[in-house]
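Below is one structure, written out as structure tokens; the observations come after it.
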Amino acid sequence: MTKMVRSVLMFAVAASLAGTLAFADSGEATYKAKCSTCHGSTGTPSPGIAKMMGVKPASDPSIKALSVAEMTAAVKNGKGKMKPVAGLTDAQIKDVVTYFRSLK
Ligand code: HEC
């Protein structure tokens, strides 16, 4: 009996850990860690950053007009004052671009 309780607990711990890891890998988590300093937590940069660096809100028509490939290139190679964002796998870039495109 105790053994069974223990394995149920182990399973619960493993499941919650898996949940955390999946979250840490999501586009949203990557965005918050790697992009939100400049692009703002909701895709709208703070007025100071917007003015200083020329960051447009994710909702701007010129940003909405960009293709996935163009956004991926901006993250990988940088664009204007945006430096290439280091330390991301291709999968993370794909997820973060998808997340960025979902911001209004
Ligand atoms: C150091 C600040 C900074 C960080 C960090 C940053 N960006 Fe940017 N980003 C900028 C600036 C500044 C621009 C405007 C570049 C320009 O057009 O001159 C920009 C532009 C963009 C554009 C539009 C590119 C285009 O072709 O007009 C996209 C898409 C973008 N960023 C996505 C991201 C994503 C996704 C991340 C995180 C992985 C990120 N950025 C991290 C500063 C940053």
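As shown in the structure tokens, the chain order sets the letters A, B, ...; within each chain, residues go from 1, and ligands are also counted from 1 in the order they appear.
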Backbone-only DSSP, alpha helix (DSSP H) members of segment 21-75 of chain A, as a ChimeraX atom specification: /A:21-24,27-34,36-39,47-53,61-64,68-75
Would you kindly return, as number ranges by chain, each protein, DNA or RNA residue with an atom no farther than 12 Å from any atom of Ala91 of chain A, considering only C-alpha atoms and excluding same-chain residues fewer than 4 positions away? A: 25-27, 30, 72, 87, 95-98
Using only C-alpha atoms and all ligand atoms, determine which residues fall within 6 Å of ligand 1, then list them as a list in words. Tyr31, Lys34, Cys35, Thr37, Cys38, Met53, Gly54, Val55, Ile63, Glu70, Met71, Ala74, Val75, Lys79, Gly80, Lys81, Met82, Val85, Val96, Val97 and Phe100 of chain A
Rank nothing, just name the residue among A:Thr89, A:Thr2, A:Thr42, A:Asn77 nearest to Ala58 of chain A, using only C-alpha atoms. A:Thr42
